[in-house]
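Structure below is query.csv: CSV, C-alpha atoms and all ligand atoms.
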```csv
chain,number,residue,atom,x,y,z
P,61,MET,CA,-5.3,-22.7,32.1
P,62,ALA,CA,-7.4,-20.1,30.2
P,63,LYS,CA,-5.9,-19.1,26.9
P,64,PRO,CA,-5.0,-15.4,26.4
P,65,LYS,CA,-7.9,-13.5,24.7
P,66,VAL,CA,-7.0,-11.8,21.4
P,67,ALA,CA,-8.9,-9.3,19.2
P,68,PHE,CA,-8.4,-8.1,15.6
P,69,TYR,CA,-10.0,-5.0,14.3
P,70,TRP,CA,-9.9,-2.9,11.2
P,71,CYS,CA,-10.4,0.8,10.8
P,72,ALA,CA,-9.6,2.8,7.6
P,73,SER,CA,-8.0,-0.1,5.8
P,74,CYS,CA,-7.9,-1.9,2.5
P,75,GLY,CA,-8.3,-5.3,4.1
P,76,GLY,CA,-4.8,-6.4,3.1
P,77,CYS,CA,-3.7,-6.6,6.8
P,78,GLU,CA,-6.6,-8.9,7.5
P,79,GLU,CA,-5.5,-11.0,4.5
P,80,THR,CA,-2.0,-11.3,5.8
P,81,VAL,CA,-3.4,-13.0,9.0
P,82,VAL,CA,-4.8,-15.7,6.7
P,83,ASP,CA,-1.4,-15.8,4.9
P,84,LEU,CA,0.0,-17.3,8.1
P,85,ASN,CA,-1.1,-20.5,6.4
P,86,GLU,CA,-0.8,-23.5,8.8
P,87,ASP,CA,0.7,-21.2,11.5
P,88,ILE,CA,-2.8,-19.7,11.9
P,89,LEU,CA,-3.8,-23.1,13.4
P,90,LYS,CA,-1.0,-22.7,16.0
P,91,VAL,CA,-2.3,-19.2,16.8
P,92,ALA,CA,-5.9,-20.3,17.0
P,93,ASP,CA,-4.7,-23.2,19.3
P,94,ALA,CA,-2.8,-20.9,21.6
P,95,VAL,CA,-5.2,-18.0,22.0
P,96,ASP,CA,-8.9,-17.4,22.3
P,97,ILE,CA,-10.1,-15.0,19.6
P,98,VAL,CA,-12.8,-12.9,21.1
P,99,PHE,CA,-13.3,-10.2,18.4
P,100,TRP,CA,-12.6,-10.4,14.7
P,101,PRO,CA,-15.4,-8.8,12.7
P,102,VAL,CA,-14.0,-9.5,9.3
P,103,ALA,CA,-13.9,-13.2,9.9
P,104,LEU,CA,-16.2,-14.1,12.8
P,105,ASP,CA,-19.6,-13.0,13.9
P,106,PHE,CA,-18.8,-10.9,17.0
P,107,LYS,CA,-20.6,-7.7,17.9
P,108,ARG,CA,-19.6,-4.6,19.7
P,109,LYS,CA,-21.7,-5.7,22.7
P,110,ASP,CA,-19.4,-8.8,23.0
P,111,VAL,CA,-16.4,-6.5,23.6
P,112,GLU,CA,-18.4,-4.2,25.9
P,113,ALA,CA,-19.3,-7.3,28.0
P,114,LEU,CA,-15.6,-8.0,28.7
P,115,GLY,CA,-13.8,-6.7,31.7
P,116,ASP,CA,-11.3,-3.9,31.5
P,117,GLY,CA,-7.9,-5.3,30.4
P,118,GLU,CA,-9.4,-8.7,29.8
P,119,ILE,CA,-8.2,-9.0,26.2
P,120,ALA,CA,-4.5,-9.8,26.3
P,121,VAL,CA,-3.8,-8.1,23.0
P,122,SER,CA,-5.7,-6.2,20.3
P,123,PHE,CA,-4.2,-6.1,16.8
P,124,ILE,CA,-5.7,-3.0,15.2
P,125,ASN,CA,-5.1,-2.2,11.5
P,126,GLY,CA,-6.1,0.8,9.5
P,127,ALA,CA,-6.0,4.5,10.1
P,128,ILE,CA,-8.6,6.4,12.0
P,129,ARG,CA,-11.0,8.2,9.6
P,130,THR,CA,-14.4,8.0,11.2
P,131,GLU,CA,-16.1,8.5,14.5
P,132,GLU,CA,-17.0,4.8,14.7
P,133,GLN,CA,-13.4,3.8,14.3
P,134,GLU,CA,-12.4,6.2,17.0
P,135,GLU,CA,-15.1,4.8,19.4
P,136,MET,CA,-14.1,1.2,18.7
P,137,VAL,CA,-10.4,1.7,19.3
P,138,LYS,CA,-11.1,3.6,22.5
P,139,LEU,CA,-13.3,0.7,23.6
P,140,LEU,CA,-10.6,-1.9,22.6
P,141,ARG,CA,-7.9,0.1,24.4
P,142,THR,CA,-10.0,0.0,27.7
P,143,LYS,CA,-10.5,-3.8,27.3
P,144,SER,CA,-6.9,-4.7,26.3
P,145,GLY,CA,-3.7,-5.2,28.1
P,146,LEU,CA,-1.7,-4.5,25.0
P,147,VAL,CA,-2.6,-2.8,21.7
P,148,VAL,CA,-0.5,-3.4,18.6
P,149,ALA,CA,-0.7,-1.0,15.7
P,150,PHE,CA,-0.8,-3.5,12.8
P,151,GLY,CA,0.4,-2.3,9.4
P,152,SER,CA,1.4,1.0,7.9
P,153,CYS,CA,-2.1,2.5,8.1
P,154,ALA,CA,-2.4,2.1,11.9
P,155,HIS,CA,1.3,2.8,12.4
P,156,LEU,CA,1.8,5.9,10.2
P,157,GLY,CA,-1.5,6.7,8.5
P,158,GLY,CA,-0.6,4.7,5.4
P,159,ILE,CA,-2.2,5.2,2.1
P,160,PRO,CA,-5.5,6.5,3.6
P,161,GLY,CA,-3.4,9.2,5.3
P,162,LEU,CA,-2.8,10.7,1.8
P,163,GLY,CA,-6.4,11.9,2.2
P,164,ASN,CA,-4.9,14.6,4.4
P,165,PHE,CA,-4.0,16.5,1.2
P,166,TRP,CA,-7.7,17.2,0.9
P,167,THR,CA,-10.7,18.0,3.2
P,168,ARG,CA,-13.8,16.0,3.8
P,169,ASP,CA,-15.7,18.4,1.5
P,170,THR,CA,-13.3,18.1,-1.4
P,171,ILE,CA,-13.2,14.3,-1.0
P,172,PHE,CA,-17.0,14.1,-1.1
P,173,GLN,CA,-17.2,16.4,-4.1
P,174,ARG,CA,-14.7,14.2,-6.0
P,175,VAL,CA,-16.1,10.8,-5.0
P,176,TYR,CA,-19.8,11.5,-5.1
P,177,GLN,CA,-20.0,14.1,-7.9
P,178,GLU,CA,-17.0,14.4,-10.2
P,179,VAL,CA,-15.8,10.8,-10.7
P,180,PRO,CA,-16.8,10.0,-14.4
P,181,THR,CA,-18.6,6.8,-13.4
P,182,VAL,CA,-20.8,8.5,-10.9
P,183,GLU,CA,-24.4,9.5,-11.8
P,184,ASN,CA,-25.6,11.8,-9.1
P,185,PRO,CA,-27.7,14.7,-10.6
P,186,GLU,CA,-28.9,15.9,-7.2
P,187,GLY,CA,-25.4,16.0,-5.8
P,188,THR,CA,-26.3,13.9,-2.8
P,189,THR,CA,-23.5,13.3,-0.3
P,190,PRO,CA,-23.6,11.0,2.8
P,191,GLN,CA,-25.3,12.7,5.7
P,192,GLN,CA,-24.8,11.8,9.3
P,193,LYS,CA,-28.5,11.8,9.9
P,194,THR,CA,-31.3,11.0,7.4
P,195,VAL,CA,-35.0,10.9,8.5
P,196,PHE,CA,-37.4,8.5,6.8
P,197,ASP,CA,-41.0,7.7,7.4
P,198,PHE,CA,-40.0,4.7,9.4
P,199,GLY,CA,-37.5,6.6,11.6
P,200,GLU,CA,-33.9,8.0,11.5
P,201,LEU,CA,-30.8,6.5,10.0
P,202,THR,CA,-27.3,7.6,11.2
P,203,LEU,CA,-23.8,7.3,9.8
P,204,PRO,CA,-20.6,7.9,11.8
P,205,GLU,CA,-18.9,11.2,11.2
P,206,PHE,CA,-16.2,11.2,8.5
P,207,PHE,CA,-13.4,13.2,9.9
P,208,ASP,CA,-11.6,16.0,8.0
P,209,THR,CA,-8.3,14.6,9.0
P,210,VAL,CA,-7.0,11.0,9.0
P,211,LYS,CA,-5.2,10.0,12.2
P,212,THR,CA,-2.8,7.3,13.1
P,213,LEU,CA,-3.7,4.9,15.8
P,214,ASP,CA,-1.4,6.4,18.4
P,215,GLN,CA,-2.8,9.9,17.7
P,216,THR,CA,-6.1,8.4,19.0
P,217,ILE,CA,-5.2,6.0,21.7
P,218,PRO,CA,-1.9,4.9,23.5
P,219,VAL,CA,-0.2,2.1,21.5
P,220,ASP,CA,2.1,-0.4,23.0
P,221,TYR,CA,3.8,-1.9,19.9
P,222,TYR,CA,4.0,-1.3,16.1
P,223,LEU,CA,4.0,-4.0,13.4
P,224,PRO,CA,5.2,-2.2,10.3
P,225,GLY,CA,4.5,-2.9,6.7
P,226,CYS,CA,1.8,-2.8,4.0
P,227,PRO,CA,0.9,-5.4,5.1
P,228,PRO,CA,3.2,-6.7,7.8
P,229,PRO,CA,4.8,-10.0,6.6
P,230,PRO,CA,3.8,-13.3,8.2
P,231,ASP,CA,7.2,-14.0,9.8
P,232,LEU,CA,7.1,-10.7,11.7
P,233,ILE,CA,3.5,-11.4,12.8
P,234,MET,CA,4.5,-14.8,14.1
P,235,ASN,CA,7.6,-13.4,15.9
P,236,ALA,CA,5.3,-10.9,17.5
P,237,VAL,CA,2.7,-13.4,18.5
P,238,ASN,CA,5.4,-15.8,19.9
P,239,ALA,CA,7.0,-12.9,21.8
P,240,ILE,CA,3.6,-11.9,23.3
P,241,LEU,CA,2.8,-15.5,24.3
P,242,LYS,CA,6.2,-16.0,25.9
P,243,GLY,CA,6.1,-12.6,27.6
P,244,GLU,CA,9.4,-11.7,25.8
P,245,LEU,CA,8.5,-8.3,24.4
P,246,PRO,CA,10.9,-5.4,24.0
P,247,GLU,CA,10.4,-2.0,25.7
P,248,LYS,CA,6.9,-0.5,25.1
P,249,GLY,CA,6.7,1.8,22.1
P,250,ALA,CA,9.0,-0.5,20.0
P,251,VAL,CA,8.5,-1.2,16.3
P,252,LEU,CA,8.7,-5.0,16.1
P,253,ALA,CA,11.2,-5.1,13.2
P,254,PRO,CA,14.9,-4.6,12.8
P,255,ASP,CA,16.3,-1.1,13.5
P,256,LYS,CA,18.2,-1.0,10.2
P,257,ALA,CA,17.5,0.7,6.9
P,258,GLN,CA,16.7,-1.3,3.7
P,259,CYS,CA,20.0,-0.4,2.2
P,260,ASP,CA,21.7,-2.3,5.1
P,261,THR,CA,20.1,-5.5,4.1
P,262,CYS,CA,19.5,-5.0,0.4
P,263,PRO,CA,20.9,-7.6,-2.0
P,264,ARG,CA,21.9,-4.7,-4.3
P,265,ALA,CA,23.8,-2.8,-1.6
P,266,GLU,CA,27.2,-3.6,-3.2
P,267,THR,CA,26.1,-1.9,-6.4
P,268,LYS,CA,25.2,1.3,-4.7
P,269,PRO,CA,28.1,3.7,-5.5
P,270,GLU,CA,29.9,5.3,-2.6
P,271,LYS,CA,29.4,8.7,-4.2
P,272,LEU,CA,26.2,8.8,-6.0
P,273,SER,CA,25.0,11.6,-8.3
P,274,ILE,CA,21.6,11.4,-10.0
P,275,GLU,CA,21.5,13.4,-13.2
P,276,GLU,CA,18.2,12.3,-14.4
P,277,ILE,CA,15.2,10.9,-12.4
P,278,LYS,CA,13.4,8.2,-14.2
P,279,ARG,CA,10.2,6.3,-13.5
P,280,PRO,CA,10.1,2.5,-13.5
P,281,TRP,CA,8.1,2.2,-16.7
P,282,GLN,CA,10.5,4.4,-18.6
P,283,ILE,CA,13.5,2.1,-18.5
P,284,LYS,CA,14.4,-1.6,-18.7
P,285,ILE,CA,15.4,-2.0,-15.0
P,286,ASP,CA,18.6,-3.9,-14.4
P,287,PRO,CA,17.6,-6.6,-11.9
P,288,GLU,CA,21.0,-6.6,-10.1
P,289,LYS,CA,21.9,-2.9,-9.8
P,290,CYS,CA,20.9,-0.4,-7.1
P,291,PHE,CA,17.8,1.5,-8.2
P,292,LEU,CA,19.2,4.9,-7.3
P,293,ALA,CA,22.3,4.2,-9.5
P,294,GLN,CA,19.8,3.7,-12.3
P,295,GLY,CA,18.1,7.1,-11.6
P,296,LEU,CA,15.0,5.5,-10.0
P,297,ILE,CA,13.8,6.8,-6.6
P,298,CYS,CA,14.2,4.0,-4.1
P,299,CYS,CA,13.0,4.7,-0.5
P,300,GLY,CA,15.5,2.2,0.9
P,301,PRO,CA,17.9,4.7,2.4
P,302,PHE,CA,15.1,6.1,4.6
P,303,THR,CA,13.0,3.0,5.3
P,304,ARG,CA,13.2,0.3,7.9
P,305,SER,CA,14.1,-3.2,6.9
P,306,GLY,CA,12.4,-6.4,7.9
P,307,CYS,CA,10.2,-7.1,4.9
P,308,GLY,CA,12.7,-9.4,3.2
P,309,GLU,CA,13.2,-6.6,0.6
P,310,THR,CA,10.0,-7.9,-1.0
P,311,CYS,CA,9.7,-5.2,-3.7
P,312,ILE,CA,13.4,-5.0,-4.5
P,313,ARG,CA,13.5,-8.8,-5.1
P,314,ALA,CA,10.6,-8.3,-7.5
P,315,ASN,CA,12.7,-5.6,-9.3
P,316,MET,CA,10.7,-2.7,-8.0
P,317,PRO,CA,12.2,0.1,-5.8
P,318,CYS,CA,11.2,0.3,-2.2
P,319,ARG,CA,8.3,2.6,-1.7
P,320,GLY,CA,8.8,3.1,2.1
P,321,CYS,CA,6.0,1.1,3.7
P,322,PHE,CA,8.0,0.0,6.7
P,323,GLY,CA,8.3,3.6,7.8
P,324,PRO,CA,11.5,5.1,9.2
P,325,VAL,CA,14.1,3.6,11.6
P,326,ASP,CA,14.1,4.6,15.2
P,327,GLY,CA,14.9,8.3,15.9
P,328,VAL,CA,13.7,9.6,12.6
P,329,VAL,CA,10.7,11.9,13.3
P,330,ASP,CA,9.6,12.5,9.7
P,331,GLN,CA,10.2,9.8,7.1
P,332,GLY,CA,9.3,12.1,4.2
P,333,ALA,CA,11.6,14.9,5.3
P,334,LYS,CA,14.4,12.4,5.8
P,335,GLY,CA,13.7,11.1,2.3
P,336,LEU,CA,13.6,14.5,0.7
P,337,SER,CA,16.9,15.4,2.3
P,338,ALA,CA,18.5,12.0,1.3
P,339,ILE,CA,17.5,12.3,-2.3
P,340,ALA,CA,18.2,16.0,-2.6
P,341,SER,CA,21.7,15.4,-1.4
P,342,ILE,CA,22.5,13.0,-4.3
P,343,LEU,CA,21.0,15.1,-7.2
P,344,GLY,CA,23.7,16.6,-9.3
P,345,VAL,CA,25.3,17.2,-12.7
P,346,GLU,CA,28.5,15.3,-13.5
P,347,GLY,CA,31.6,17.4,-13.5
P,348,GLU,CA,29.9,20.3,-11.8
P,349,GLU,CA,30.4,21.0,-8.1
P,350,LYS,CA,27.2,23.0,-7.9
P,351,MET,CA,24.1,23.0,-10.0
P,352,THR,CA,22.6,26.2,-11.4
P,353,GLU,CA,19.1,27.0,-10.1
P,354,GLU,CA,17.7,26.1,-13.5
P,355,GLU,CA,19.4,22.7,-13.5
P,356,ALA,CA,18.2,22.0,-10.0
P,357,LYS,CA,14.6,23.0,-10.9
P,358,LYS,CA,14.7,20.8,-14.0
P,359,LEU,CA,15.8,17.8,-12.0
P,360,ILE,CA,13.3,18.3,-9.2
P,361,ASN,CA,10.5,18.7,-11.7
P,362,GLN,CA,11.3,15.1,-12.8
P,363,ILE,CA,9.9,13.9,-9.5
P,364,VAL,CA,6.3,13.8,-10.6
P,365,ASP,CA,4.6,13.6,-7.2
P,366,PRO,CA,7.1,14.5,-4.5
P,367,ALA,CA,4.6,14.6,-1.6
P,368,GLY,CA,3.2,11.2,-2.7
P,369,THR,CA,6.6,9.8,-3.3
P,370,PHE,CA,8.2,10.7,0.0
P,371,TYR,CA,5.1,10.7,2.3
P,372,ARG,CA,3.3,7.8,0.6
P,373,PHE,CA,2.8,5.9,3.9
P,374,SER,CA,3.6,8.5,6.5
P,375,LEU,CA,1.8,11.8,5.8
P,376,ALA,CA,-0.6,11.5,8.8
P,377,SER,CA,2.3,10.9,11.2
P,378,SER,CA,4.6,13.6,9.7
P,379,LEU,CA,5.4,16.9,11.2
P,380,LEU,CA,3.0,18.7,8.8
P,381,ARG,CA,0.4,16.0,9.1
P,382,ARG,CA,-2.0,17.5,6.6
P,383,LYS,CA,-2.5,20.3,4.0
P,384,ARG,CA,-3.5,23.5,5.8
P,385,MET,CA,-7.2,23.8,6.2
P,386,GLU,CA,-8.7,26.9,4.6
P,401,LIG,S1,-1.2,-1.3,5.8
P,401,LIG,FE1,-1.5,-1.7,3.6
P,401,LIG,S2,-2.4,-3.8,3.6
P,401,LIG,FE2,-2.7,-3.0,5.7
P,401,LIG,S3,-4.7,-1.9,5.6
P,401,LIG,FE3,-3.2,-0.4,5.1
P,401,LIG,S4,-3.1,-0.3,2.9
P,401,LIG,FE4,-4.0,-2.3,3.5
P,402,LIG,S1,18.8,2.5,-2.6
P,402,LIG,FE1,17.4,0.8,-2.8
P,402,LIG,S2,18.3,-0.6,-4.3
P,402,LIG,FE2,19.9,0.8,-3.6
P,402,LIG,S3,20.9,-0.3,-2.0
P,402,LIG,FE3,19.4,1.0,-1.0
P,402,LIG,S4,17.6,-0.3,-0.9
P,402,LIG,FE4,19.0,-1.3,-2.3
P,403,LIG,S1,10.7,-3.1,-0.1
P,403,LIG,FE1,9.9,-1.2,0.9
P,403,LIG,S2,7.9,-0.9,0.1
P,403,LIG,FE2,8.4,-3.0,-0.4
P,403,LIG,S3,7.6,-4.2,1.3
P,403,LIG,FE3,9.7,-3.7,1.8
P,403,LIG,S4,9.6,-1.7,3.0
P,403,LIG,FE4,7.6,-2.1,1.9
```
For this file, write the structure as structure tokens.
Ligand code: SF4
Ligand code: SF4
Ligand code: SF4
Amino acid sequence: MAKPKVAFYWCASCGGCEETVVDLNEDILKVADAVDIVFWPVALDFKRKDVEALGDGEIAVSFINGAIRTEEQEEMVKLLRTKSGLVVAFGSCAHLGGIPGLGNFWTRDTIFQRVYQEVPTVENPEGTTPQQKTVFDFGELTLPEFFDTVKTLDQTIPVDYYLPGCPPPPDLIMNAVNAILKGELPEKGAVLAPDKAQCDTCPRAETKPEKLSIEEIKRPWQIKIDPEKCFLAQGLICCGPFTRSGCGETCIRANMPCRGCFGPVDGVVDQGAKGLSAIASILGVEGEEKMTEEEAKKLINQIVDPAGTFYRFSLASSLLRRKRME
């Protein structure tokens, strides 16, 4: 019997999601044995024309990581959508916009200005920036358009399933692959991870006080972090209350607060707004029922980068989605 065809593709991505496929260790041999990989540009020499030559829906499943930042990425994911029975958004960037989605705090012009002119290590006296078309004696060279706004995968093509995480952990990947091979998938649109918050599975959950009140917000480098105690109870912002579980509490076990890469649980539309509301509700001054405006401002100002803290992985998928364009 013919093996199911599988494709892997990366868009605006750091490459970590591709690494995690290799992190499957010997399980990658089981995957390679069970499926026929027909497209995986980072590892194997396939070309776009190889995908174009396949019939519509011929690829059983395409795992696509990375956000959508360029015209080329948009074209490729549209092509893969046509050729695939299932599309899985693989990792935070494809799922929520991820770290590249933070680019939505700027525009293409301000990004080009910074990257190609202002960065101290750049020497560019003529202020050259990438052009979509450049004419040389020998002909014309083109580059794909760099969009002003970063999009998630499902803002570009319909997505069947989501594998969360930055990157998704190997056990969740194997569960997803096995479920696909056995045809035991949940309802379309599902996130393939438990629908529980980090706090529900956290090894420090018992040390999280029932009634919590943060009087001073600290950053991890400012204190000696107690390795047993809830981070919030130590004044450190932990995204656990508004982040899906399933990673095995990787950061928490390494004595670092959760930063939110698994995205929200089902039913939460905007992870950042949920986080802002969760953290705002536990700020307070001991012994006082209400803070004065001044006290509140002082506390809030201790959150050095609120947008980056609460929307670190999900800005592109949030209700605001991007900074307003001029
Ligand atoms: S989800 Fe994380 S690991 Fe994967 S491409 Fe994005 S930044 Fe890299
Ligand atoms: S806030 Fe963070 S450290 Fe505290 S219980 Fe929740 S996940 Fe664990
Ligand atoms: S603890 Fe939080 S940030 Fe770390 S891997 Fe898990 S979900 Fe991601």
* How far is it from CA of Val345 (chain P) to CA of Ala293 (chain P), in Å with one decimal? ->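 Distance reported for this atom pair: 13.7 Å.
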Considering all atoms listed in the file, give me a table of residues in chain P that are at most 6 Å from ligand LIG 403 (chain P), with the closest atom pair and distance in Å for each, as JSON lines.
```
{"residue": "P:Gly225", "atom": "CA", "partner": "P:LIG403", "partner_atom": "FE4", "distance": 5.8}
{"residue": "P:Cys307", "atom": "CA", "partner": "P:LIG403", "partner_atom": "FE3", "distance": 4.6}
{"residue": "P:Glu309", "atom": "CA", "partner": "P:LIG403", "partner_atom": "S1", "distance": 4.4}
{"residue": "P:Thr310", "atom": "CA", "partner": "P:LIG403", "partner_atom": "S1", "distance": 4.9}
{"residue": "P:Cys311", "atom": "CA", "partner": "P:LIG403", "partner_atom": "FE2", "distance": 4.2}
{"residue": "P:Ile312", "atom": "CA", "partner": "P:LIG403", "partner_atom": "S1", "distance": 5.5}
{"residue": "P:Cys318", "atom": "CA", "partner": "P:LIG403", "partner_atom": "FE1", "distance": 3.7}
{"residue": "P:Arg319", "atom": "CA", "partner": "P:LIG403", "partner_atom": "S2", "distance": 4.0}
{"residue": "P:Gly320", "atom": "CA", "partner": "P:LIG403", "partner_atom": "S2", "distance": 4.6}
{"residue": "P:Cys321", "atom": "CA", "partner": "P:LIG403", "partner_atom": "FE4", "distance": 4.0}
{"residue": "P:Phe322", "atom": "CA", "partner": "P:LIG403", "partner_atom": "S4", "distance": 4.4}
```
* **Nearby residues, (2.0, -21.5, 16.2) file frame, 12 Å, only C-alpha atoms, as a list in words** =>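 Nearby residues: Leu84, Asn85, Glu86, Asp87, Ile88, Leu89, Lys90, Val91, Ala92, Asp93, Ala94, Val95, Pro230, Asp231, Ile233, Met234, Asn235, Ala236, Val237, Asn238, Ala239, Leu241 and Lys242 of chain P.
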* **Near-ligand residues for ligand LIG 401 (chain P), threshold 12 Å, all atoms listed in the file, as a PyMOL selection string** => chain P and resi 69-81+123-128+149-162+212-213+222-229+319-323+372-374
* **Exercise answer, 6 Å around ligand LIG 402 (chain P) with only C-alpha atoms and all ligand atoms, as an NGL selection string** => :P and (258-259 or 262 or 264-265 or 268 or 290-292 or 298 or 300-301)
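Taking CA of Thr130 (chain P) and CA of Lys193 (chain P) as endpoints, the distance between them is 14.7 Å.
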* Select, counting all atoms listed in the file, all protein, DNA and RNA residues no farther than 10 Å from (-17.2, 14.0, 1.2) in file coordinates, and express the selection as a ChimeraX atom specification. => /P:167-177,188-191,206-208
* Asked: Counting only C-alpha atoms, which of P:Trp281, P:Phe302, P:Trp166, P:Phe99 gets nearest to Asp255 (chain P)?
  -> P:Phe302
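Among the candidates P:Ala356, P:Val195, P:Leu201, P:Ile240, the one nearest to Pro64 (chain P) when counting all atoms listed in the file is P:Ile240.
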* Could you tell me which of P:Ala338, P:Leu232, P:Met61, P:Ala103 comes closest to Val251 (chain P) if we count all atoms listed in the file? => P:Leu232
* Any idea what the distance is between CA of Ile363 (chain P) and CA of Glu349 (chain P)? ->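 Going from CA of Ile363 (chain P) over to CA of Glu349 (chain P), I get 21.7 Å.
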* Structure fact -> The residue from P:Lys278, P:Glu183, P:Lys248, P:Thr142 with the smallest atom-to-atom distance to Gly117 (chain P), counting only C-alpha atoms, is P:Thr142
* Among the residues P:Pro269, P:Tyr371, P:Arg384, P:Glu244, the one that comes closest to Cys299 (chain P) [using all atoms listed in the file] ->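 Among the listed residues, P:Tyr371 lies closest to Cys299 (chain P).
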